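*Asks:* Sending over final21.cif (mmCIF, C-alpha atoms).
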```
data_protein
#
loop_
_atom_site.label_atom_id
_atom_site.label_comp_id
_atom_site.auth_asym_id
_atom_site.auth_seq_id
_atom_site.Cartn_x
_atom_site.Cartn_y
_atom_site.Cartn_z
CA VAL A 1 -6.05 -18.15 -4.54
CA SER A 2 -3.27 -19.69 -6.60
CA ALA A 3 -1.17 -22.56 -5.36
CA GLY A 4 1.74 -20.16 -4.84
CA ASP A 5 -0.38 -17.71 -2.86
CA ARG A 6 -1.78 -20.58 -0.82
CA GLY A 7 1.73 -21.67 0.06
CA GLN A 8 2.66 -18.16 1.16
CA LEU A 9 -0.45 -17.90 3.33
CA LEU A 10 0.28 -21.24 4.97
CA GLU A 11 3.89 -20.23 5.61
CA ARG A 12 2.82 -16.90 7.11
CA ASP A 13 0.12 -18.44 9.31
CA GLY A 14 2.49 -21.19 10.38
CA ARG A 15 5.04 -18.61 11.55
CA LEU A 16 2.37 -16.65 13.42
CA LEU A 17 1.01 -19.77 15.09
CA ALA A 18 4.52 -20.81 16.15
CA ARG A 19 5.05 -17.38 17.73
CA VAL A 20 1.76 -17.59 19.62
CA ASP A 21 2.48 -21.17 20.72
CA ALA A 22 5.88 -20.06 22.03
CA ILE A 23 4.30 -17.65 24.52
CA ASP A 24 4.30 -19.28 27.95
CA PRO A 25 0.70 -18.94 29.25
CA ARG A 26 1.97 -19.10 32.85
CA VAL A 27 3.45 -15.60 32.54
CA LEU A 28 0.24 -14.08 31.18
CA SER A 29 -2.69 -12.52 32.96
CA PRO A 30 -6.01 -14.41 32.76
CA GLU A 31 -7.23 -11.92 30.16
CA ASP A 32 -4.16 -12.40 27.96
CA ARG A 33 -4.31 -16.19 28.30
CA PHE A 34 -7.87 -16.08 27.01
CA VAL A 35 -6.86 -13.95 24.02
CA ARG A 36 -3.90 -16.26 23.30
CA GLU A 37 -6.25 -19.23 23.13
CA LEU A 38 -8.59 -17.39 20.77
CA LEU A 39 -5.68 -16.37 18.53
CA ARG A 40 -4.53 -19.96 18.30
CA TYR A 41 -8.07 -21.07 17.45
CA HIS A 42 -8.45 -18.52 14.65
CA LEU A 43 -5.02 -19.18 13.16
CA ARG A 44 -5.55 -22.93 13.05
CA ARG A 45 -9.00 -22.49 11.53
CA HIS A 46 -7.59 -20.19 8.85
CA ILE A 47 -4.84 -22.71 8.05
CA GLN A 48 -7.52 -25.38 7.60
CA ASP A 49 -9.51 -23.09 5.28
CA VAL A 50 -6.45 -22.26 3.14
CA ARG A 51 -5.78 -25.97 2.64
CA LEU A 52 -9.28 -26.62 1.26
CA ARG A 53 -9.62 -27.76 -2.32
CA PRO A 54 -10.67 -24.86 -4.60
CA GLU A 55 -14.15 -26.20 -5.42
CA VAL A 56 -15.05 -26.36 -1.71
CA SER A 57 -14.24 -22.80 -0.66
CA PRO A 58 -17.13 -20.98 -2.44
CA TYR A 59 -19.70 -23.12 -0.63
CA LEU A 60 -18.54 -21.92 2.78
CA GLN A 61 -20.08 -18.50 2.02
CA ASP A 62 -22.96 -19.61 -0.18
CA PRO A 63 -25.92 -17.27 0.54
CA ARG A 64 -28.30 -20.22 0.20
CA LEU A 65 -26.78 -21.63 3.41
CA LEU A 66 -27.08 -18.46 5.48
CA PRO A 67 -29.66 -18.31 8.29
CA PRO A 68 -32.55 -15.83 8.20
CA MET A 69 -31.68 -12.76 10.27
CA GLN A 70 -34.69 -12.80 12.54
CA ARG A 71 -35.00 -12.97 16.31
CA PHE A 72 -37.82 -15.48 16.11
CA PRO A 73 -37.60 -17.10 12.65
CA GLN A 74 -40.87 -18.28 11.16
CA PRO A 75 -41.20 -21.88 9.99
CA ALA A 76 -39.35 -22.49 6.75
CA TYR A 77 -41.32 -25.14 4.89
CA ALA A 78 -39.22 -27.93 3.47
CA GLU A 79 -39.90 -27.09 -0.17
CA ASP A 80 -38.77 -23.50 0.40
CA LEU A 81 -35.41 -24.19 2.06
CA TRP A 82 -33.51 -24.65 -1.21
CA ALA A 83 -34.56 -24.82 -4.83
CA GLY A 84 -34.91 -28.46 -5.80
CA GLY A 85 -35.28 -29.60 -2.21
CA TYR A 86 -31.63 -30.49 -1.60
CA SER A 87 -28.79 -28.82 0.26
CA PRO A 88 -26.46 -26.84 -2.05
CA LEU A 89 -23.62 -29.04 -0.77
CA THR A 90 -25.05 -31.93 -2.77
CA GLU A 91 -23.81 -30.14 -5.89
CA LEU A 92 -20.31 -31.24 -4.90
CA ASN A 93 -18.93 -34.72 -5.36
CA ALA A 94 -18.85 -36.96 -2.27
CA ASP A 95 -15.27 -36.14 -1.22
CA ALA A 96 -15.65 -32.39 -1.66
CA ARG A 97 -19.04 -32.45 0.08
CA ALA A 98 -17.53 -34.22 3.09
CA GLU A 99 -14.69 -31.70 3.22
CA ALA A 100 -17.10 -28.75 2.99
CA TYR A 101 -19.47 -30.17 5.59
CA ASP A 102 -16.71 -31.09 8.03
CA THR A 103 -15.29 -27.56 7.72
CA LEU A 104 -18.66 -25.97 8.47
CA LEU A 105 -19.30 -28.50 11.25
CA ARG A 106 -16.03 -27.54 12.93
CA ARG A 107 -16.87 -23.88 12.43
CA TYR A 108 -20.28 -24.04 14.10
CA THR A 109 -19.58 -26.60 16.81
CA THR A 110 -15.93 -25.49 17.38
CA ALA A 111 -15.09 -29.18 17.92
CA ASP A 112 -12.67 -31.31 15.95
CA VAL A 113 -15.25 -33.80 14.69
CA ARG A 114 -16.24 -35.47 11.44
CA GLY A 115 -19.74 -35.47 10.02
CA THR A 116 -19.86 -39.21 9.42
CA VAL A 117 -19.06 -39.88 13.08
CA VAL A 118 -21.68 -37.39 14.28
CA HIS A 119 -24.31 -38.88 11.96
CA ASP A 120 -23.78 -42.44 13.15
CA ALA A 121 -23.67 -41.36 16.81
CA ALA A 122 -26.85 -39.31 16.45
CA LEU A 123 -28.78 -42.14 14.76
CA THR A 124 -27.70 -44.52 17.54
CA ALA A 125 -28.69 -41.99 20.20
CA VAL A 126 -32.12 -41.53 18.61
CA ARG A 127 -32.79 -45.27 18.70
CA GLN A 128 -31.64 -45.53 22.31
CA SER A 129 -33.68 -42.54 23.45
CA ARG A 130 -36.87 -43.79 21.81
CA GLU A 131 -36.36 -47.21 23.37
CA ALA A 132 -35.90 -45.66 26.83
CA MET A 133 -39.05 -43.56 26.31
CA ARG A 134 -41.00 -46.67 25.32
CA HIS A 135 -40.04 -48.33 28.60
CA ALA A 136 -41.04 -45.19 30.49
CA LEU A 137 -44.62 -45.36 29.21
CA SER A 138 -45.51 -48.10 31.70
CA SER A 139 -44.61 -45.76 34.56
CA LEU A 140 -47.06 -43.26 33.08
CA GLY A 141 -49.79 -45.88 33.06
CA TYR A 142 -50.01 -45.89 29.27
CA ALA A 143 -50.53 -49.15 27.40
CA GLY A 144 -50.25 -47.89 23.82
CA SER A 145 -47.19 -47.33 21.63
CA LEU A 146 -44.74 -44.46 21.94
CA ASP A 147 -45.92 -42.88 18.68
CA GLN A 148 -49.55 -43.09 19.78
CA PHE A 149 -48.69 -41.38 23.06
CA LEU A 150 -46.69 -38.60 21.39
CA THR A 151 -49.42 -38.01 18.81
CA ALA A 152 -52.57 -38.25 20.92
CA ASP A 153 -51.69 -37.69 24.58
CA PHE A 154 -48.39 -35.85 25.06
CA ARG A 155 -49.80 -32.41 24.22
CA SER A 156 -53.37 -32.91 25.35
CA GLY A 157 -55.37 -33.79 28.44
CA GLN A 158 -53.44 -33.70 31.70
CA TYR A 159 -50.19 -32.73 29.91
CA ARG A 160 -51.55 -29.73 28.06
CA THR A 161 -50.36 -26.40 29.46
CA ARG A 162 -52.99 -23.88 30.46
CA ALA A 163 -52.94 -20.15 31.12
CA GLY A 164 -50.44 -19.36 33.84
CA ASP A 165 -49.35 -22.99 34.16
CA VAL A 166 -45.97 -22.68 32.46
CA GLU A 167 -45.01 -19.56 34.41
CA ARG A 168 -46.05 -21.14 37.72
CA ARG A 169 -44.31 -24.46 37.08
CA ALA A 170 -41.12 -22.89 35.72
CA THR A 171 -40.87 -20.47 38.66
CA LEU A 172 -41.34 -23.28 41.18
CA TRP A 173 -38.67 -25.39 39.48
CA LEU A 174 -36.25 -22.45 39.44
CA ARG A 175 -36.73 -21.94 43.17
CA ARG A 176 -36.23 -25.63 43.95
CA ILE A 177 -33.11 -25.87 41.81
CA ALA A 178 -31.64 -22.67 43.28
CA ASP A 179 -31.70 -24.29 46.74
CA LEU A 180 -29.89 -27.35 45.37
CA VAL A 181 -27.27 -25.65 43.18
CA PRO A 182 -24.58 -25.81 45.93
CA THR A 183 -24.70 -29.63 45.76
CA LEU A 184 -23.08 -29.56 42.32
CA PHE A 185 -21.37 -26.14 42.27
CA SER A 186 -19.18 -24.70 45.01
CA GLN A 187 -19.57 -21.07 44.01
CA THR A 188 -22.33 -19.51 46.08
CA PRO A 189 -24.68 -17.79 46.29
CA PRO A 190 -26.44 -18.58 43.00
CA PRO A 191 -27.53 -15.66 40.84
CA PRO A 192 -30.91 -13.93 41.35
CA LEU A 193 -33.63 -15.91 39.63
CA PRO A 194 -34.83 -14.62 36.24
CA PRO A 195 -38.56 -14.01 35.75
CA VAL A 196 -40.39 -16.34 33.37
CA GLN A 197 -42.01 -14.71 30.33
CA VAL A 198 -44.67 -16.77 28.56
CA ILE A 199 -45.50 -16.19 24.90
CA ASP A 200 -48.16 -17.73 22.63
CA GLY A 201 -46.46 -18.16 19.28
CA GLY A 202 -47.31 -21.79 18.68
CA LEU A 203 -43.65 -22.58 17.95
CA PRO A 204 -40.96 -24.46 19.90
CA ILE A 205 -39.47 -21.26 21.30
CA ALA A 206 -37.65 -21.41 24.61
CA MET A 207 -34.70 -19.15 25.25
CA TYR A 208 -32.66 -17.33 27.86
CA ARG A 209 -32.08 -13.63 27.39
CA PRO A 210 -29.28 -12.36 29.66
CA ALA A 211 -29.39 -9.03 31.43
CA THR A 212 -28.39 -6.12 29.23
CA ASP A 213 -26.07 -3.19 29.92
CA ASP A 214 -29.01 -0.77 29.79
CA GLY A 215 -30.62 -2.35 32.85
CA GLN A 216 -32.97 -4.93 31.32
CA PRO A 217 -33.05 -7.98 33.64
CA ALA A 218 -32.40 -11.52 32.55
CA VAL A 219 -35.53 -13.41 31.51
CA LEU A 220 -36.48 -16.99 30.64
CA ILE A 221 -38.88 -17.11 27.66
CA ILE A 222 -41.13 -20.11 26.94
CA ASP A 223 -43.84 -20.57 24.31
CA ARG A 224 -46.85 -21.87 26.26
CA THR A 225 -48.79 -23.14 23.27
CA PHE A 226 -46.17 -25.63 22.16
CA TRP A 227 -44.44 -27.15 25.20
CA PRO A 228 -46.46 -29.69 27.23
CA THR A 229 -46.08 -29.73 31.01
CA PRO A 230 -43.51 -32.61 31.17
CA THR A 231 -41.02 -30.48 29.21
CA VAL A 232 -41.10 -27.50 31.58
CA LEU A 233 -38.44 -28.97 33.87
CA PRO A 234 -35.84 -29.71 31.15
CA LEU A 235 -36.48 -26.26 29.66
CA VAL A 236 -35.77 -24.68 33.05
CA LEU A 237 -32.66 -26.83 33.49
CA HIS A 238 -31.45 -25.78 30.02
CA GLU A 239 -32.36 -22.10 29.87
CA GLY A 240 -32.25 -21.32 33.58
CA LEU A 241 -30.47 -23.30 36.31
CA PRO A 242 -27.97 -24.86 36.03
CA GLY A 243 -27.97 -24.06 32.31
CA HIS A 244 -27.57 -20.71 30.59
CA HIS A 245 -28.48 -18.50 33.57
CA LEU A 246 -25.91 -20.07 35.88
CA GLN A 247 -23.40 -20.33 33.05
CA HIS A 248 -23.74 -16.66 32.20
CA HIS A 249 -23.49 -15.61 35.84
CA TYR A 250 -20.37 -17.64 36.67
CA GLY A 251 -18.50 -18.10 33.43
CA GLY A 252 -20.27 -16.43 30.53
CA ARG A 253 -18.26 -13.21 30.67
CA PRO A 254 -14.69 -13.79 31.80
CA PRO A 255 -12.67 -10.59 32.12
CA LEU A 256 -11.41 -9.55 28.72
CA PRO A 257 -9.39 -6.52 27.65
CA SER A 258 -11.85 -5.30 25.03
CA ALA A 259 -15.41 -5.63 23.81
CA ALA A 260 -14.10 -6.95 20.49
CA ALA A 261 -12.33 -9.83 22.22
CA TYR A 262 -15.53 -10.74 24.06
CA LEU A 263 -17.50 -10.70 20.82
CA GLU A 264 -15.03 -13.15 19.29
CA SER A 265 -15.40 -15.36 22.36
CA ASP A 266 -19.19 -15.22 22.15
CA ARG A 267 -19.21 -15.90 18.43
CA HIS A 268 -17.14 -19.05 18.76
CA GLY A 269 -18.44 -20.31 22.09
CA THR A 270 -21.80 -21.64 20.88
CA GLY A 271 -20.70 -25.28 21.01
CA PHE A 272 -19.74 -24.94 24.65
CA ARG A 273 -22.73 -22.82 25.68
CA GLU A 274 -25.38 -25.02 24.09
CA GLY A 275 -23.47 -28.17 24.98
CA TRP A 276 -23.39 -27.09 28.62
CA ALA A 277 -27.10 -26.24 28.69
CA PHE A 278 -27.98 -29.57 27.04
CA TYR A 279 -25.73 -31.37 29.53
CA ALA A 280 -27.44 -29.46 32.38
CA GLU A 281 -30.73 -31.17 31.47
CA SER A 282 -29.18 -34.46 32.62
CA LEU A 283 -28.36 -33.17 36.12
CA ALA A 284 -31.88 -33.30 37.58
CA THR A 285 -31.30 -36.50 39.56
CA GLU A 286 -27.82 -35.50 40.75
CA LEU A 287 -29.22 -32.18 41.93
CA GLY A 288 -31.58 -34.14 44.16
CA LEU A 289 -34.84 -33.16 42.48
CA ALA A 290 -37.85 -35.39 43.12
CA LEU A 291 -38.95 -36.38 39.63
CA THR A 292 -42.25 -37.84 38.49
CA PRO A 293 -42.34 -40.31 35.59
CA ALA A 294 -43.76 -37.47 33.47
CA ASP A 295 -40.77 -35.23 34.32
CA GLU A 296 -38.35 -37.99 33.31
CA PHE A 297 -40.27 -38.51 30.06
CA GLY A 298 -40.09 -34.78 29.32
CA ILE A 299 -36.31 -34.79 29.83
CA GLY A 300 -36.07 -37.73 27.44
CA TYR A 301 -38.17 -35.98 24.80
CA LEU A 302 -35.96 -32.89 24.73
CA ARG A 303 -32.90 -35.11 24.51
CA LEU A 304 -34.49 -36.92 21.57
CA LEU A 305 -35.29 -33.60 19.87
CA ARG A 306 -31.61 -32.52 19.82
CA GLU A 307 -30.47 -35.97 18.68
CA VAL A 308 -32.98 -35.97 15.80
CA ARG A 309 -31.84 -32.48 14.84
CA ALA A 310 -28.19 -33.62 14.63
CA ALA A 311 -29.08 -36.75 12.63
CA THR A 312 -31.13 -34.66 10.19
CA ASP A 313 -28.45 -31.96 9.78
CA THR A 314 -25.83 -34.53 8.85
CA GLY A 315 -28.30 -36.49 6.74
CA VAL A 316 -29.31 -33.48 4.63
CA HIS A 317 -25.95 -31.81 4.11
CA LEU A 318 -23.55 -34.77 4.17
CA HIS A 319 -25.54 -37.77 2.98
CA GLY A 320 -27.78 -36.03 0.47
CA TRP A 321 -31.19 -36.43 2.10
CA SER A 322 -33.90 -34.37 0.45
CA THR A 323 -35.70 -31.93 2.70
CA SER A 324 -38.83 -34.02 2.14
CA ARG A 325 -37.04 -37.07 3.53
CA ALA A 326 -35.71 -34.99 6.43
CA ARG A 327 -39.21 -33.78 7.25
CA ASP A 328 -40.57 -37.34 7.19
CA TYR A 329 -37.76 -38.55 9.45
CA MET A 330 -38.39 -35.77 11.97
CA ARG A 331 -42.13 -36.43 12.00
CA GLU A 332 -41.61 -40.17 12.41
CA MET A 333 -39.13 -39.82 15.27
CA LEU A 334 -40.77 -36.91 17.14
CA GLN A 335 -44.44 -37.12 16.18
CA ALA A 336 -44.46 -33.32 16.45
CA PRO A 337 -47.03 -30.99 14.85
CA PRO A 338 -46.25 -29.94 11.25
CA GLN A 339 -45.37 -26.36 12.19
CA ALA A 340 -42.85 -27.64 14.76
CA THR A 341 -41.24 -29.94 12.20
CA ASP A 342 -40.90 -27.10 9.73
CA PHE A 343 -39.42 -24.90 12.42
CA GLU A 344 -36.83 -27.59 13.16
CA LEU A 345 -36.00 -27.82 9.46
CA SER A 346 -35.33 -24.08 9.42
CA ARG A 347 -32.68 -24.67 12.10
CA ILE A 348 -30.61 -26.94 9.87
CA ARG A 349 -30.40 -24.49 6.99
CA VAL A 350 -26.77 -23.78 7.94
CA PRO A 351 -24.68 -26.99 7.69
CA GLY A 352 -23.46 -28.01 11.12
CA ALA A 353 -25.69 -25.65 13.08
CA GLY A 354 -28.19 -28.40 13.87
CA ALA A 355 -25.46 -30.54 15.45
CA VAL A 356 -24.20 -27.91 17.92
CA TYR A 357 -26.23 -29.10 20.93
CA PHE A 358 -25.44 -32.77 20.36
CA VAL A 359 -21.72 -32.32 19.72
CA GLY A 360 -21.34 -29.89 22.63
CA ARG A 361 -22.98 -32.23 25.11
CA GLN A 362 -20.93 -35.16 23.87
CA ALA A 363 -17.73 -33.15 24.33
CA ILE A 364 -18.57 -32.16 27.92
CA THR A 365 -19.79 -35.65 28.83
CA ASN A 366 -16.56 -37.12 27.43
CA LEU A 367 -14.44 -34.75 29.54
CA ARG A 368 -16.41 -35.67 32.65
CA GLU A 369 -15.98 -39.40 32.01
CA ARG A 370 -12.24 -38.94 31.56
CA ALA A 371 -11.99 -36.85 34.72
CA GLU A 372 -13.96 -39.47 36.67
CA SER A 373 -11.73 -42.24 35.33
CA ARG A 374 -8.61 -40.31 36.29
CA ALA A 375 -9.75 -39.38 39.83
CA GLY A 376 -11.62 -42.59 40.65
CA ALA A 377 -13.59 -42.61 43.90
CA ALA A 378 -12.11 -39.22 44.82
CA PHE A 379 -13.75 -37.49 41.83
CA ASP A 380 -15.37 -34.20 42.86
CA LEU A 381 -18.17 -33.23 40.49
CA ARG A 382 -18.39 -29.76 42.03
CA ALA A 383 -14.74 -29.06 41.24
CA PHE A 384 -15.23 -30.29 37.69
CA HIS A 385 -18.28 -28.08 37.12
CA ASP A 386 -16.51 -25.07 38.60
CA TRP A 387 -13.55 -25.64 36.29
CA LEU A 388 -15.84 -25.84 33.26
CA LEU A 389 -17.89 -22.71 33.97
CA THR A 390 -15.18 -20.39 35.21
CA GLY A 391 -13.15 -20.98 32.03
CA GLY A 392 -15.69 -19.14 29.89
CA SER A 393 -17.32 -20.15 26.60
CA LEU A 394 -14.20 -21.34 24.83
CA PRO A 395 -14.19 -23.17 21.49
CA LEU A 396 -14.44 -26.88 22.21
CA VAL A 397 -11.05 -27.65 20.65
CA ILE A 398 -9.48 -25.16 23.06
CA LEU A 399 -11.47 -26.61 25.97
CA GLU A 400 -10.04 -30.03 25.11
CA GLU A 401 -6.50 -28.64 25.17
CA ARG A 402 -7.19 -26.84 28.44
CA PHE A 403 -8.44 -30.11 29.90
CA GLU A 404 -5.34 -32.00 28.78
CA ALA A 405 -3.12 -29.31 30.32
CA CYS A 406 -5.13 -29.51 33.52
CA LEU A 407 -4.62 -33.27 33.76
CA ARG A 408 -0.87 -32.76 33.42
CA SER A 409 -0.90 -30.29 36.30
CA SER A 410 -0.64 -31.49 39.89
CA ALA A 411 -2.96 -28.65 40.92
CA CYS A 412 -5.80 -29.91 38.73
CA ALA A 413 -7.08 -33.23 39.98
CA PHE A 414 -10.88 -32.88 40.13
CA THR A 415 -10.71 -34.63 43.47
CA LYS A 416 -12.47 -33.96 46.76
CA GLY A 417 -10.81 -31.09 48.57
CA SER A 418 -9.04 -29.80 45.45
CA THR A 419 -9.07 -26.14 44.50
CA THR A 420 -9.38 -26.73 40.76
CA ARG A 421 -10.62 -23.74 38.79
#
```
Now, as a test, write the supplied structure out as structure tokens.
*Replies:*
Amino acid sequence: VSAGDRGQLLERDGRLLARVDAIDPRVLSPEDRFVRELLRYHLRRHIQDVRLRPEVSPYLQDPRLLPPMQRFPQPAYAEDLWAGGYSPLTELNADARAEAYDTLLRRYTTADVRGTVVHDAALTAVRQSREAMRHALSSLGYAGSLDQFLTADFRSGQYRTRAGDVERRATLWLRRIADLVPTLFSQTPPPPLPPVQVIDGGLPIAMYRPATDDGQPAVLIIDRTFWPTPTVLPLVLHEGLPGHHLQHHYGGRPPLPSAAAYLESDRHGTGFREGWAFYAESLATELGLALTPADEFGIGYLRLLREVRAATDTGVHLHGWSTSRARDYMREMLQAPPQATDFELSRIRVPGAGAVYFVGRQAITNLRERAESRAGAAFDLRAFHDWLLTGGSLPLVILEERFEACLRSSACAFTKGSTTR
């Protein structure tokens, strides 16, 4: 658009945003408050897009950066991601590339973050996670290096999953966690447990499929041929309880006035949903689960996987890594089979999409730390978790505003005995 048209759009959107901001949320129903927050999110995002420099805008809809429309995407080998082996964003100069990437990062994570910050944080997290996993090897009775263990032992021998093993282990973990959910969440009873469906695709597939309107029950899906036994627990924590299954039951579908409004919520709630499920993997000890050293190592490996994914996403699209370099980095950090590395590369085809888990968890962890600091010894983790889940899958920038408003309210203290929701 021309500079004049851009000015008119900004003026129009500014007036609309001012009108929405002027509506007192205290006089609205819960459904209308939710829609007001979504309207504010969309208007502010559109204002940001209108302000973009002209050479950046076309890259936000570049078909080379669109994901394959498949339920279970096949591995996309590094050479086949983009012609020439580099992200299309590298065609822009450094400033325009940063602007384009930051815009897409905000769009997919729904957080107000910058790519350079995410990249540095992810690289630091990768180093810290690998160091913690190295120290954990002694508890496993292993004298070799971390890379030797990941390459030769992690997916073989006693840690290799066998027929029926994943389903049995995952079901047992779900039952144990269900009994302990009330220790960290005050809403009871927990939802009925989903069955575990095991597939043999040879890819890192693990997902939660919620119950459908036509009567299909919720199900937890895990690829047996890829995930070794130490990773079953973090997969259950992430996809099942207290991850996606609990999230969907308590806060995944807040009452909304129309299906269209819910679709908008779902479309822009990925940062919160995946951030929550990734955060849920860290709650094993606080739930009171008895963990073996292998369980703790498995939790660390899945954490490392998401951190490597975020570092690679930002490296490829923001810092100009070739896909060959990205593949080498993933292999070096994860020591995963080639097909798993290529599958992970397919997940960073859309700039910012590979950072969703990492950014979402960081956002939720930051809110918890601030709530703990504010409440001190009286901090009530159950009240905090209830507040998070019952708010629905909001964009992370809206969640941050909701948190700030909560702190300003005398009825929102996250303290023992509070009724925070």
*Asks:* Mind dumping a table of every stretch 95-191 of chain A residue within 12 Å of stretch 207-225 of chain A, with the nearest atom pair and its distance in Å to one decimal, using all atoms listed in the file, sorted by chain and rising number, as CSV?
*Replies:*
```
residue,atom,partner,partner_atom,distance
A:Arg155,CA,A:Thr225,CA,9.4
A:Ser156,CA,A:Thr225,CA,11.0
A:Tyr159,CA,A:Thr225,CA,11.7
A:Arg160,CA,A:Thr225,CA,8.6
A:Thr161,CA,A:Arg224,CA,6.6
A:Arg162,CA,A:Arg224,CA,7.7
A:Ala163,CA,A:Arg224,CA,8.0
A:Gly164,CA,A:Arg224,CA,8.8
A:Asp165,CA,A:Arg224,CA,8.4
A:Val166,CA,A:Arg224,CA,6.3
A:Glu167,CA,A:Ile222,CA,8.4
A:Arg168,CA,A:Arg224,CA,11.5
A:Arg169,CA,A:Arg224,CA,11.4
A:Ala170,CA,A:Leu220,CA,9.1
A:Thr171,CA,A:Leu220,CA,9.8
A:Leu174,CA,A:Leu220,CA,10.4
A:Pro191,CA,A:Ala218,CA,10.5
```
*Asks:* Which residues are near A:Ser138? Cut-off 12 Å, only C-alpha atoms, ignore same chain within fewer than 4 positions. Put them as a ChimeraX atom specification.
*Replies:* /A:132-134,142-146,149,293-294,297
*Asks:* Fewer than 2 positions away in the same chain doesn't count, so skip those; otherwise give me all residues within 8 Å of A:Pro351, counting only C-alpha atoms, as a PyMOL selection string.
*Replies:* chain A and resi 65+101+104-105+313-314+317+348-349+353-354
*Asks:* Do you know which residues the PyMOL selection byres ((chain A and resi 330) around 12) returns on this file, as a PDB file with C-alpha atoms, in the frame of the given file?
*Replies:*
```pdb
ATOM      1  CA  ALA A  78     -39.220 -27.930   3.470  1.00  0.00           C
ATOM      2  CA  LEU A 123     -28.780 -42.140  14.760  1.00  0.00           C
ATOM      3  CA  VAL A 126     -32.120 -41.530  18.610  1.00  0.00           C
ATOM      4  CA  LEU A 304     -34.490 -36.920  21.570  1.00  0.00           C
ATOM      5  CA  LEU A 305     -35.290 -33.600  19.870  1.00  0.00           C
ATOM      6  CA  ARG A 306     -31.610 -32.520  19.820  1.00  0.00           C
ATOM      7  CA  GLU A 307     -30.470 -35.970  18.680  1.00  0.00           C
ATOM      8  CA  VAL A 308     -32.980 -35.970  15.800  1.00  0.00           C
ATOM      9  CA  ARG A 309     -31.840 -32.480  14.840  1.00  0.00           C
ATOM     10  CA  ALA A 310     -28.190 -33.620  14.630  1.00  0.00           C
ATOM     11  CA  ALA A 311     -29.080 -36.750  12.630  1.00  0.00           C
ATOM     12  CA  THR A 312     -31.130 -34.660  10.190  1.00  0.00           C
ATOM     13  CA  ASP A 313     -28.450 -31.960   9.780  1.00  0.00           C
ATOM     14  CA  GLY A 315     -28.300 -36.490   6.740  1.00  0.00           C
ATOM     15  CA  VAL A 316     -29.310 -33.480   4.630  1.00  0.00           C
ATOM     16  CA  THR A 323     -35.700 -31.930   2.700  1.00  0.00           C
ATOM     17  CA  SER A 324     -38.830 -34.020   2.140  1.00  0.00           C
ATOM     18  CA  ARG A 325     -37.040 -37.070   3.530  1.00  0.00           C
ATOM     19  CA  ALA A 326     -35.710 -34.990   6.430  1.00  0.00           C
ATOM     20  CA  ARG A 327     -39.210 -33.780   7.250  1.00  0.00           C
ATOM     21  CA  ASP A 328     -40.570 -37.340   7.190  1.00  0.00           C
ATOM     22  CA  TYR A 329     -37.760 -38.550   9.450  1.00  0.00           C
ATOM     23  CA  ARG A 331     -42.130 -36.430  12.000  1.00  0.00           C
ATOM     24  CA  GLU A 332     -41.610 -40.170  12.410  1.00  0.00           C
ATOM     25  CA  MET A 333     -39.130 -39.820  15.270  1.00  0.00           C
ATOM     26  CA  LEU A 334     -40.770 -36.910  17.140  1.00  0.00           C
ATOM     27  CA  GLN A 335     -44.440 -37.120  16.180  1.00  0.00           C
ATOM     28  CA  ALA A 336     -44.460 -33.320  16.450  1.00  0.00           C
ATOM     29  CA  PRO A 337     -47.030 -30.990  14.850  1.00  0.00           C
ATOM     30  CA  PRO A 338     -46.250 -29.940  11.250  1.00  0.00           C
ATOM     31  CA  GLN A 339     -45.370 -26.360  12.190  1.00  0.00           C
ATOM     32  CA  ALA A 340     -42.850 -27.640  14.760  1.00  0.00           C
ATOM     33  CA  THR A 341     -41.240 -29.940  12.200  1.00  0.00           C
ATOM     34  CA  ASP A 342     -40.900 -27.100   9.730  1.00  0.00           C
ATOM     35  CA  PHE A 343     -39.420 -24.900  12.420  1.00  0.00           C
ATOM     36  CA  GLU A 344     -36.830 -27.590  13.160  1.00  0.00           C
ATOM     37  CA  LEU A 345     -36.000 -27.820   9.460  1.00  0.00           C
ATOM     38  CA  ILE A 348     -30.610 -26.940   9.870  1.00  0.00           C
TER      39      ILE A 348
END
```
*Asks:* What does the distance from atom CA of A:Tyr108 to atom CA of A:Val356 come to in Å, to one decimal?
*Replies:*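 For atom CA of A:Tyr108 relative to atom CA of A:Val356, the distance reads 6.7 Å.
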*Asks:* From the options A:Gly243, A:Pro195, A:Gly269, A:Pro228, which residue's atoms come nearest to A:Asp153, counting all atoms listed in the file?
*Replies:*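 For A:Asp153, the nearest of the candidates is A:Pro228.
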*Asks:* What does the distance between atom CA of A:Leu137 and atom CA of A:Leu172 come to in Å, to one decimal place?
*Replies:*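 Atom-to-atom, atom CA of A:Leu137 and atom CA of A:Leu172 are spaced 25.3 Å apart.
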*Asks:* List the spatial neighbours of A:Gly275 as a list in words - criterion: any atom at most 7 Å away, only C-alpha atoms, same-chain residues fewer than 6 positions off excluded.
*Replies:*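 Close residues of A:Gly275: Tyr357, Phe358, Val359, Gly360, Arg361 and Ile364 of chain A.
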*Asks:* Please write as a list in words the full residue list that the PyMOL selection byres ((chain A and resi 46-48) around 10) yields on this file.
*Replies:*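 Selected by the PyMOL selection byres ((chain A and resi 46-48) around 10) in this file: Arg6, Leu9, Leu10, Glu11, Arg12, Asp13, Gly14, Leu17, Arg40, Tyr41, His42, Leu43, Arg44, Arg45, Asp49, Val50, Arg51, Leu52 and Thr103 of chain A.
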